[in-house]
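Q: My structure file my_file_20.pdb, PDB, C-alpha atoms and all ligand atoms, is below:
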```pdb
ATOM      1  CA  MET A   1     148.172 121.715  90.172  1.00  0.00           C
ATOM      2  CA  LEU A   2     145.490 119.070  90.507  1.00  0.00           C
ATOM      3  CA  ASP A   3     146.742 118.169  93.971  1.00  0.00           C
ATOM      4  CA  ARG A   4     145.784 121.591  95.152  1.00  0.00           C
ATOM      5  CA  VAL A   5     142.167 121.014  94.211  1.00  0.00           C
ATOM      6  CA  ASN A   6     142.131 118.270  96.816  1.00  0.00           C
ATOM      7  CA  HIS A   7     141.907 120.924  99.449  1.00  0.00           C
ATOM      8  CA  ILE A   8     138.779 122.532  98.091  1.00  0.00           C
ATOM      9  CA  CYS A   9     136.028 121.827 100.567  1.00  0.00           C
ATOM     10  CA  LEU A  10     132.889 120.087  99.392  1.00  0.00           C
ATOM     11  CA  PRO A  11     130.530 123.084  99.392  1.00  0.00           C
ATOM     12  CA  ILE A  12     132.904 124.851  97.030  1.00  0.00           C
ATOM     13  CA  GLN A  13     133.024 121.786  94.819  1.00  0.00           C
ATOM     14  CA  LEU A  14     129.237 121.766  94.737  1.00  0.00           C
ATOM     15  CA  VAL A  15     129.155 125.448  93.953  1.00  0.00           C
ATOM     16  CA  LEU A  16     131.695 124.798  91.201  1.00  0.00           C
ATOM     17  CA  PHE A  17     129.301 122.399  89.523  1.00  0.00           C
ATOM     18  CA  HIS A  18     126.870 125.249  89.157  1.00  0.00           C
ATOM     19  CA  LEU A  19     129.486 127.630  87.860  1.00  0.00           C
ATOM     20  CA  PHE A  20     130.831 125.311  85.179  1.00  0.00           C
ATOM     21  CA  SER A  21     128.138 125.909  82.641  1.00  0.00           C
ATOM     22  CA  ALA A  22     128.694 129.652  82.945  1.00  0.00           C
ATOM     23  CA  CYS A  23     132.451 129.094  82.626  1.00  0.00           C
ATOM     24  CA  ASP A  24     132.034 127.010  79.474  1.00  0.00           C
ATOM     25  CA  ILE A  25     130.310 129.921  77.786  1.00  0.00           C
ATOM     26  CA  MET A  26     132.450 132.661  79.293  1.00  0.00           C
ATOM     27  CA  CYS A  27     135.862 131.015  78.881  1.00  0.00           C
ATOM     28  CA  GLY A  28     138.192 133.232  76.988  1.00  0.00           C
ATOM     29  CA  MET A  29     136.536 135.953  75.076  1.00  0.00           C
ATOM     30  CA  THR A  30     133.768 137.951  76.656  1.00  0.00           C
ATOM     31  CA  LYS A  31     134.743 137.992  80.333  1.00  0.00           C
ATOM     32  CA  GLU A  32     135.942 141.201  81.957  1.00  0.00           C
ATOM     33  CA  LEU A  33     139.668 141.079  82.764  1.00  0.00           C
ATOM     34  CA  ILE A  34     140.368 141.619  86.447  1.00  0.00           C
ATOM     35  CA  SER A  35     143.253 140.734  88.749  1.00  0.00           C
ATOM     36  CA  ARG A  36     142.779 138.449  91.733  1.00  0.00           C
ATOM     37  CA  ASN A  37     143.428 141.313  94.158  1.00  0.00           C
ATOM     38  CA  ALA A  38     140.995 143.638  92.431  1.00  0.00           C
ATOM     39  CA  ALA A  39     138.325 140.932  92.385  1.00  0.00           C
ATOM     40  CA  ALA A  40     138.897 140.209  96.078  1.00  0.00           C
ATOM     41  CA  TYR A  41     138.653 143.939  96.823  1.00  0.00           C
ATOM     42  CA  LYS A  42     135.310 144.094  95.008  1.00  0.00           C
ATOM     43  CA  GLY A  43     134.093 141.019  96.904  1.00  0.00           C
ATOM     44  CA  HIS A  44     133.899 138.803  93.794  1.00  0.00           C
ATOM     45  CA  LEU A  45     134.218 135.028  94.202  1.00  0.00           C
ATOM     46  CA  ARG A  46     135.868 134.563  90.791  1.00  0.00           C
ATOM     47  CA  TYR A  47     138.287 136.481  88.621  1.00  0.00           C
ATOM     48  CA  PHE A  48     139.570 136.263  85.073  1.00  0.00           C
ATOM     49  CA  THR A  49     142.961 137.417  83.850  1.00  0.00           C
ATOM     50  CA  GLY A  50     142.926 135.923  80.342  1.00  0.00           C
ATOM     51  CA  GLU A  51     146.134 134.037  81.232  1.00  0.00           C
ATOM     52  CA  PRO A  52     146.141 130.240  80.832  1.00  0.00           C
ATOM     53  CA  CYS A  53     146.515 127.962  83.879  1.00  0.00           C
ATOM     54  CA  LEU A  54     149.349 125.380  84.067  1.00  0.00           C
ATOM     55  CA  HIS A  55     147.165 123.036  82.012  1.00  0.00           C
ATOM     56  CA  GLY A  56     146.488 125.631  79.367  1.00  0.00           C
ATOM     57  CA  HIS A  57     142.879 126.480  80.291  1.00  0.00           C
ATOM     58  CA  ILE A  58     141.950 130.081  79.647  1.00  0.00           C
ATOM     59  CA  CYS A  59     139.239 130.181  82.248  1.00  0.00           C
ATOM     60  CA  GLU A  60     137.933 131.917  85.339  1.00  0.00           C
ATOM     61  CA  ARG A  61     139.617 131.197  88.659  1.00  0.00           C
ATOM     62  CA  ILE A  62     138.429 131.155  92.250  1.00  0.00           C
ATOM     63  CA  VAL A  63     139.569 134.159  94.271  1.00  0.00           C
ATOM     64  CA  SER A  64     139.982 132.282  97.568  1.00  0.00           C
ATOM     65  CA  ASN A  65     142.408 129.631  96.314  1.00  0.00           C
ATOM     66  CA  ASN A  66     143.512 130.680  92.820  1.00  0.00           C
ATOM     67  CA  GLN A  67     141.945 127.518  91.391  1.00  0.00           C
ATOM     68  CA  CYS A  68     141.114 127.277  87.661  1.00  0.00           C
ATOM     69  CA  LEU A  69     137.472 126.275  87.203  1.00  0.00           C
ATOM     70  CA  GLU A  70     138.195 123.965  84.276  1.00  0.00           C
ATOM     71  CA  CYS A  71     140.837 122.077  86.301  1.00  0.00           C
ATOM     72  CA  ALA A  72     138.413 121.838  89.219  1.00  0.00           C
ATOM     73  CA  LYS A  73     135.759 120.490  86.893  1.00  0.00           C
ATOM     74  CA  ILE A  74     138.076 117.767  85.580  1.00  0.00           C
ATOM     75  CA  TYR A  75     139.194 116.899  89.090  1.00  0.00           C
ATOM     76  CA  ALA A  76     135.646 116.746  90.447  1.00  0.00           C
ATOM     77  CA  ARG A  77     134.603 114.449  87.588  1.00  0.00           C
ATOM     78  CA  GLU A  78     137.556 112.144  88.264  1.00  0.00           C
ATOM     79  CA  GLN A  79     136.747 112.062  91.960  1.00  0.00           C
ATOM     80  CA  TYR A  80     133.123 111.300  91.272  1.00  0.00           C
ATOM     81  CA  ALA A  81     133.917 108.516  88.774  1.00  0.00           C
ATOM     82  CA  ALA A  82     136.409 106.928  91.182  1.00  0.00           C
ATOM     83  CA  ASN A  83     133.981 106.754  94.076  1.00  0.00           C
ATOM     84  CA  PRO A  84     130.456 107.904  93.238  1.00  0.00           C
ATOM     85  CA  GLU A  85     128.919 106.466  96.428  1.00  0.00           C
ATOM     86  CA  LYS A  86     131.261 108.391  98.711  1.00  0.00           C
ATOM     87  CA  PHE A  87     130.688 111.570  96.715  1.00  0.00           C
ATOM     88  CA  ARG A  88     126.938 111.187  96.863  1.00  0.00           C
ATOM     89  CA  ALA A  89     127.022 110.486 100.608  1.00  0.00           C
ATOM     90  CA  ARG A  90     129.054 113.643 101.264  1.00  0.00           C
ATOM     91  CA  SER A  91     126.758 115.600  99.002  1.00  0.00           C
ATOM     92  CA  ARG A  92     123.726 114.321 100.924  1.00  0.00           C
ATOM     93  CA  GLU A  93     125.425 115.271 104.196  1.00  0.00           C
ATOM     94  CA  TRP A  94     126.135 118.776 102.940  1.00  0.00           C
ATOM     95  CA  SER A  95     122.534 119.137 101.727  1.00  0.00           C
ATOM     96  CA  ARG A  96     121.256 118.044 105.128  1.00  0.00           C
ATOM     97  CA  ASP A  97     123.424 120.639 106.872  1.00  0.00           C
ATOM     98  CA  ASN A  98     122.496 123.446 104.446  1.00  0.00           C
ATOM     99  CA  PRO A  99     118.749 123.158 103.849  1.00  0.00           C
ATOM    100  CA  ASP A 100     118.347 126.868 103.109  1.00  0.00           C
ATOM    101  CA  LYS A 101     121.029 126.836 100.408  1.00  0.00           C
ATOM    102  CA  VAL A 102     119.502 123.692  98.919  1.00  0.00           C
ATOM    103  CA  LYS A 103     116.092 125.333  98.819  1.00  0.00           C
ATOM    104  CA  ILE A 104     117.427 128.386  96.986  1.00  0.00           C
ATOM    105  CA  ARG A 105     119.449 126.236  94.583  1.00  0.00           C
ATOM    106  CA  ASN A 106     116.497 123.952  93.801  1.00  0.00           C
ATOM    107  CA  LYS A 107     114.192 126.892  93.257  1.00  0.00           C
ATOM    108  CA  LYS A 108     116.669 128.497  90.855  1.00  0.00           C
ATOM    109  CA  TYR A 109     117.216 125.208  89.018  1.00  0.00           C
ATOM    110  CA  LYS A 110     113.475 124.623  88.686  1.00  0.00           C
ATOM    111  CA  SER A 111     112.752 128.098  87.367  1.00  0.00           C
ATOM    112  CA  GLU A 112     115.642 127.948  84.883  1.00  0.00           C
ATOM    113  CA  ASN A 113     114.580 124.512  83.625  1.00  0.00           C
ATOM    114  CA  ALA A 114     110.800 124.851  83.960  1.00  0.00           C
ATOM    115  CA  GLU A 115     110.114 124.131  80.285  1.00  0.00           C
ATOM    116  CA  ARG A 116     112.186 120.924  80.279  1.00  0.00           C
ATOM    117  CA  LEU A 117     111.007 119.699  83.703  1.00  0.00           C
ATOM    118  CA  ARG A 118     107.250 120.124  83.194  1.00  0.00           C
ATOM    119  CA  PRO A 119     106.663 117.019  80.992  1.00  0.00           C
ATOM    120  CA  ILE A 120     108.900 114.964  83.320  1.00  0.00           C
ATOM    121  CA  ALA A 121     106.835 116.028  86.345  1.00  0.00           C
ATOM    122  CA  ILE A 122     103.568 115.253  84.536  1.00  0.00           C
ATOM    123  CA  ALA A 123     104.828 111.795  83.504  1.00  0.00           C
ATOM    124  CA  ARG A 124     105.945 111.088  87.074  1.00  0.00           C
ATOM    125  CA  THR A 125     102.550 112.111  88.475  1.00  0.00           C
ATOM    126  CA  ARG A 126     100.737 109.950  85.896  1.00  0.00           C
ATOM    127  CA  LYS A 127     102.912 106.959  86.798  1.00  0.00           C
ATOM    128  CA  TRP A 128     102.214 107.497  90.498  1.00  0.00           C
ATOM    129  CA  ILE A 129      98.450 107.697  89.876  1.00  0.00           C
ATOM    130  CA  ASP A 130      98.629 104.495  87.807  1.00  0.00           C
ATOM    131  CA  GLU A 131     100.441 102.672  90.587  1.00  0.00           C
ATOM    132  CA  HIS A 132      98.350 104.123  93.446  1.00  0.00           C
ATOM    133  CA  ARG A 133      94.925 104.319  91.862  1.00  0.00           C
ATOM    134  CA  GLU A 134      92.868 103.841  95.059  1.00  0.00           C
ATOM    135  CA  GLN A 135      94.929 106.387  96.966  1.00  0.00           C
ATOM    136  CA  ALA A 136      94.720 108.903  94.097  1.00  0.00           C
ATOM    137  CA  ASN A 137      90.930 108.443  93.963  1.00  0.00           C
ATOM    138  CA  LYS A 138      90.719 108.967  97.714  1.00  0.00           C
ATOM    139  CA  GLN A 139      92.729 112.181  97.441  1.00  0.00           C
ATOM    140  CA  ARG A 140      90.375 113.385  94.733  1.00  0.00           C
ATOM    141  CA  ARG A 141      87.336 112.600  96.905  1.00  0.00           C
ATOM    142  CA  ASP A 142      88.901 114.344  99.915  1.00  0.00           C
ATOM    143  CA  ARG A 143      89.658 117.376  97.771  1.00  0.00           C
ATOM    144  CA  ARG A 144      86.088 117.515  96.457  1.00  0.00           C
ATOM    145  CA  ALA A 145      84.782 117.148 100.027  1.00  0.00           C
ATOM    146  CA  ARG A 146      87.007 120.013 101.199  1.00  0.00           C
ATOM    147  CA  VAL A 147      85.799 122.236  98.386  1.00  0.00           C
ATOM    148  CA  ARG A 148      82.177 121.454  99.367  1.00  0.00           C
ATOM    149  CA  ASN A 149      82.967 121.917 103.069  1.00  0.00           C
ATOM    150  CA  ALA A 150      81.661 118.391 103.642  1.00  0.00           C
ATOM    151  CA  PRO A 151      82.612 116.876 107.001  1.00  0.00           C
ATOM    152  CA  GLY A 152      84.535 113.631 107.505  1.00  0.00           C
ATOM    153  CA  SER A 153      87.053 111.393 105.835  1.00  0.00           C
ATOM    154  CA  HIS A 154      87.693 107.675 105.379  1.00  0.00           C
ATOM    155  CA  THR A 155      90.622 105.291 105.092  1.00  0.00           C
ATOM    156  CA  LEU A 156      91.657 103.006 102.245  1.00  0.00           C
ATOM    157  CA  GLU A 157      91.097 100.041 104.617  1.00  0.00           C
ATOM    158  CA  GLN A 158      87.501 101.128 105.217  1.00  0.00           C
ATOM    159  CA  ILE A 159      86.656 101.312 101.526  1.00  0.00           C
ATOM    160  CA  SER A 160      88.292  97.975 100.732  1.00  0.00           C
ATOM    161  CA  LYS A 161      86.361  96.423 103.660  1.00  0.00           C
ATOM    162  CA  LEU A 162      83.183  98.010 102.274  1.00  0.00           C
ATOM    163  CA  LEU A 163      83.847  96.263  98.968  1.00  0.00           C
ATOM    164  CA  GLU A 164      84.130  92.933 100.825  1.00  0.00           C
ATOM    165  CA  THR A 165      80.898  93.677 102.730  1.00  0.00           C
ATOM    166  CA  GLN A 166      79.108  94.370  99.440  1.00  0.00           C
ATOM    167  CA  ASN A 167      80.502  91.033  98.238  1.00  0.00           C
ATOM    168  CA  TRP A 168      82.094  92.846  95.248  1.00  0.00           C
ATOM    169  CA  LYS A 169      78.569  93.546  93.920  1.00  0.00           C
ATOM    170  CA  CYS A 170      77.074  96.884  92.850  1.00  0.00           C
ATOM    171  CA  ALA A 171      74.910  98.504  95.559  1.00  0.00           C
ATOM    172  CA  GLY A 172      72.609 100.066  92.941  1.00  0.00           C
ATOM    173  CA  PRO A 173      68.905  99.085  93.240  1.00  0.00           C
ATOM    174  CA  LYS A 174      68.213  95.760  91.458  1.00  0.00           C
ATOM    175  CA  CYS A 175      71.680  95.785  89.853  1.00  0.00           C
ATOM    176  CA  ASN A 176      73.964  93.274  91.616  1.00  0.00           C
ATOM    177  CA  LYS A 177      76.579  93.594  88.834  1.00  0.00           C
ATOM    178  CA  SER A 178      80.089  92.338  89.664  1.00  0.00           C
ATOM    179  CA  LEU A 179      82.573  95.048  90.597  1.00  0.00           C
ATOM    180  CA  ARG A 180      85.679  92.918  89.951  1.00  0.00           C
ATOM    181  CA  LYS A 181      86.640  94.810  86.812  1.00  0.00           C
ATOM    182  CA  ARG A 182      85.303  98.341  87.133  1.00  0.00           C
ATOM    183  CA  ARG A 183      83.758 100.171  90.054  1.00  0.00           C
ATOM    184  CA  HIS A 184      83.092 103.694  91.293  1.00  0.00           C
ATOM    185  CA  LEU A 185      82.893 104.797  94.896  1.00  0.00           C
ATOM    186  CA  ASP A 186      79.821 106.958  95.336  1.00  0.00           C
ATOM    187  CA  HIS A 187      78.611 109.379  98.017  1.00  0.00           C
ATOM    188  CA  LYS A 188      75.079 108.103  98.849  1.00  0.00           C
ATOM    189  CA  THR A 189      73.982 111.653  99.632  1.00  0.00           C
ATOM    190  CA  ALA A 190      75.938 113.742  97.174  1.00  0.00           C
ATOM    191  CA  LEU A 191      78.429 116.250  98.567  1.00  0.00           C
ATOM    192  CA  VAL A 192      76.576 119.067  96.800  1.00  0.00           C
ATOM    193  CA  CYS A 193      73.439 118.020  98.707  1.00  0.00           C
ATOM    194  CA  GLY A 194      75.222 118.210 102.060  1.00  0.00           C
ATOM    195  CA  GLY A 195      76.375 114.564 102.270  1.00  0.00           C
ATOM    196  CA  SER A 196      79.425 113.738 104.343  1.00  0.00           C
ATOM    197  CA  ASN A 197      82.726 112.141 103.332  1.00  0.00           C
ATOM    198  CA  TYR A 198      82.421 109.519 106.115  1.00  0.00           C
ATOM    199  CA  ILE A 199      82.435 105.810 105.283  1.00  0.00           C
ATOM    200  CA  ASP A 200      78.712 105.410 106.144  1.00  0.00           C
ATOM    201  CA  ASN A 201      77.854 107.804 103.312  1.00  0.00           C
ATOM    202  CA  LEU A 202      79.850 105.763 100.776  1.00  0.00           C
ATOM    203  CA  GLN A 203      78.864 102.875  98.515  1.00  0.00           C
ATOM    204  CA  TRP A 204      80.466 101.028  95.629  1.00  0.00           C
ATOM    205  CA  LEU A 205      78.536 101.184  92.348  1.00  0.00           C
ATOM    206  CA  CYS A 206      79.073  99.844  88.851  1.00  0.00           C
ATOM    207  CA  PRO A 207      79.863 102.617  86.327  1.00  0.00           C
ATOM    208  CA  THR A 208      76.344 102.505  84.808  1.00  0.00           C
ATOM    209  CA  CYS A 209      74.562 102.906  88.171  1.00  0.00           C
ATOM    210  CA  ASN A 210      77.007 105.598  89.206  1.00  0.00           C
ATOM    211  CA  MET A 211      76.386 107.677  86.094  1.00  0.00           C
ATOM    212  CA  ARG A 212      72.610 107.222  86.369  1.00  0.00           C
ATOM    213  CA  LYS A 213      72.754 108.273  90.035  1.00  0.00           C
ATOM    214  CA  ASN A 214      74.964 111.299  89.310  1.00  0.00           C
ATOM    215  CA  ARG A 215      72.412 112.492  86.768  1.00  0.00           C
ATOM    216  CA  LYS A 216      69.609 112.009  89.327  1.00  0.00           C
ATOM    217  CA  ASP A 217      71.614 113.850  92.016  1.00  0.00           C
ATOM    218  CA  ALA A 218      72.200 116.724  89.640  1.00  0.00           C
ATOM    219  CA  ILE A 219      68.470 116.997  88.859  1.00  0.00           C
ATOM    220  CA  GLU A 220      67.599 116.798  92.578  1.00  0.00           C
ATOM    221  CA  PHE A 221      70.186 119.434  93.360  1.00  0.00           C
ATOM    222  CA  ALA A 222      68.777 121.717  90.665  1.00  0.00           C
ATOM    223  CA  ARG A 223      65.241 121.155  91.958  1.00  0.00           C
ATOM    224  CA  GLU A 224      66.183 121.847  95.586  1.00  0.00           C
ATOM    225  CA  ASN A 225      67.814 125.077  94.525  1.00  0.00           C
ATOM    226  CA  GLY A 226      64.842 126.204  92.476  1.00  0.00           C
ATOM    227  CA  LEU A 227      66.624 125.803  89.166  1.00  0.00           C
ATOM    228  CA  LEU A 228      64.068 123.266  87.850  1.00  0.00           C
ATOM    229  CA  LEU A 229      60.299 122.857  88.266  1.00  0.00           C
TER     230      LEU A 229
HETATM  231 ZN    ZN P 301     143.086 124.712  84.384  1.00  0.00          ZN
HETATM  232 ZN    ZN P 302      75.032  98.802  89.136  1.00  0.00          ZN
END
```
Turn this file's structure into structure tokens for me.
A:
Amino acid sequence: MLDRVNHICLPIQLVLFHLFSACDIMCGMTKELISRNAAAYKGHLRYFTGEPCLHGHICERIVSNNQCLECAKIYAREQYAANPEKFRARSREWSRDNPDKVKIRNKKYKSENAERLRPIAIARTRKWIDEHREQANKQRRDRRARVRNAPGSHTLEQISKLLETQNWKCAGPKCNKSLRKRRHLDHKTALVCGGSNYIDNLQWLCPTCNMRKNRKDAIEFARENGLLL
């Protein structure tokens, strides 16, 4: 019996993986009884007669090849354990050749497991931000600039060169504090006041100067817009 599973092509094996969980629940009791011919006539991919397979599984079978899903599951697991690299390579190949099917499958998987996947995704994002702090900050600046319709962008090289040019010292008036430990990159003319996101509108400040300046920018902005006297 197991030898026959050998001939199942990979896409079907992959599909089987996604049917197993349903089979585990359905096996035996609740499934509608239908003959292979009747199922084929109706265009079903699987059928269930209530009769055990040669290995005693009372389980759904595949219409095209009469294969018991439980047997296929066992076989696929054995195959995978014997040569996981080969299996993964073939799986990757199949995914590459069937991008549309992969997209649908991933979408379904994500929506069915949204609750469980959300904290994993958040943790992954946090880890990425931790490991790519400068790049994450740049993305945040670019996003803010886009929202404000501010022109321009800058590279990570430019801002690290700017730090060298400032000699790792705060550019705030009369400050000169070291920026080795903590530093903020500031838009000299704030985005809300029409400043650009180009490198020549950027400066490194210590956190204290940056907060003081942000407050000043906010007051200026309010004044310019007639919100303050
Ligand atoms: Zn079986
Ligand atoms: Zn400072």
Q: Please provide as a PyMOL selection string all residues within 9 Å of A:Trp204, with the sequence filter that same-chain residues fewer than 6 positions apart are discarded (counting only C-alpha atoms).
A: chain A and resi 159+162-163+166+168-172+179+183-187+210
Q: Please identify the residues whose atoms come within 6 Å of ligand ZN 302 (chain P), using all atoms listed in the file, and report them as a count of residues only.
A: 8
Q: Exactly which residues make up the result of the PyMOL selection byres (((not hetatm)) within 6 of (chain P and resi 301)) on this file, given as JSON, numbers by chain?
A: {"A": [53, 55, 57, 68, 70, 71]}
Q: Considering only C-alpha atoms, can you say which of A:Lys86, A:Lys188, A:Gly50, A:Ala81 comes closest to A:Lys216?
A: A:Lys188
Q: Expressed in Å to a single decimal, how great is the separation between atom CA of A:Ile62 and atom CA of A:Phe48?
A: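 Distance reported for this atom pair: 8.9 Å.
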Q: Fewer than 2 positions away in the same chain doesn't count, so skip those; otherwise give me all residues within 12 Å of A:Glu157, counting all atoms listed in the file, as a ChimeraX atom specification.
A: /A:134-135,138,154-155,159-164,199
Q: Report, in Å to a single decimal, how far apart atom CA of A:Arg140 and atom CA of A:Leu191 are.
A: 12.9 Å
Q: What does the structure give for the distance between atom CA of A:Gln139 and atom CA of A:Ala222, in Å to one decimal?
A: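 Computing it gives 26.7 Å between the two atoms.
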Q: Would you please work out which residue, of A:Asn83, A:Ser35, A:Ser64, A:Ser111, is nearest to A:Glu51 when using all atoms listed in the file?
A: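 Closest to A:Glu51, using all atoms listed in the file: A:Ser35.
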Q: Around (82.6, 117.6, 96.1) in the file's frame, which residues reach within 10 Å when counting only C-alpha atoms? Return as a list in words?
A: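 Final list of nearby residues, as requested, is Arg140, Arg141, Asp142, Arg143, Arg144, Ala145, Arg146, Val147, Arg148, Asn149, Ala150, His187, Ala190, Leu191, Val192, Cys193, Gly194, Gly195, Ser196 and Asn197 of chain A.
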Q: Please dump the current selection as a compact mmCIF listing (two decimals), in the frame of the given file; keep C-alpha atoms.
A:
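Result went into result-v8.txt, see below:
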```
# COMPACT_ATOMS: atom_id res chain seq x y z
CA ARG A 140 90.38 113.38 94.73
CA ARG A 141 87.34 112.60 96.90
CA ASP A 142 88.90 114.34 99.92
CA ARG A 143 89.66 117.38 97.77
CA ARG A 144 86.09 117.52 96.46
CA ALA A 145 84.78 117.15 100.03
CA ARG A 146 87.01 120.01 101.20
CA VAL A 147 85.80 122.24 98.39
CA ARG A 148 82.18 121.45 99.37
CA ASN A 149 82.97 121.92 103.07
CA ALA A 150 81.66 118.39 103.64
CA HIS A 187 78.61 109.38 98.02
CA ALA A 190 75.94 113.74 97.17
CA LEU A 191 78.43 116.25 98.57
CA VAL A 192 76.58 119.07 96.80
CA CYS A 193 73.44 118.02 98.71
CA GLY A 194 75.22 118.21 102.06
CA GLY A 195 76.38 114.56 102.27
CA SER A 196 79.42 113.74 104.34
CA ASN A 197 82.73 112.14 103.33
```
Q: Write out as lines of an AutoDock Vina configuration file an axis-aligned box for stretch 82-90 of chain A: all of its atoms listed in the file, 4 Å added on each side, centre and edge lengths in Å with one decimal.
A:
```
center_x = 131.7
center_y = 110.1
center_z = 96.2
size_x = 17.5
size_y = 15.2
size_z = 18.1
```
Q: On this structure, which residues satisfy the PyMOL selection byres (((chain A and resi 63) around 6) and not hetatm), written as JSON, numbers by chain?
A: {"A": [36, 45, 46, 62, 64, 65, 66]}
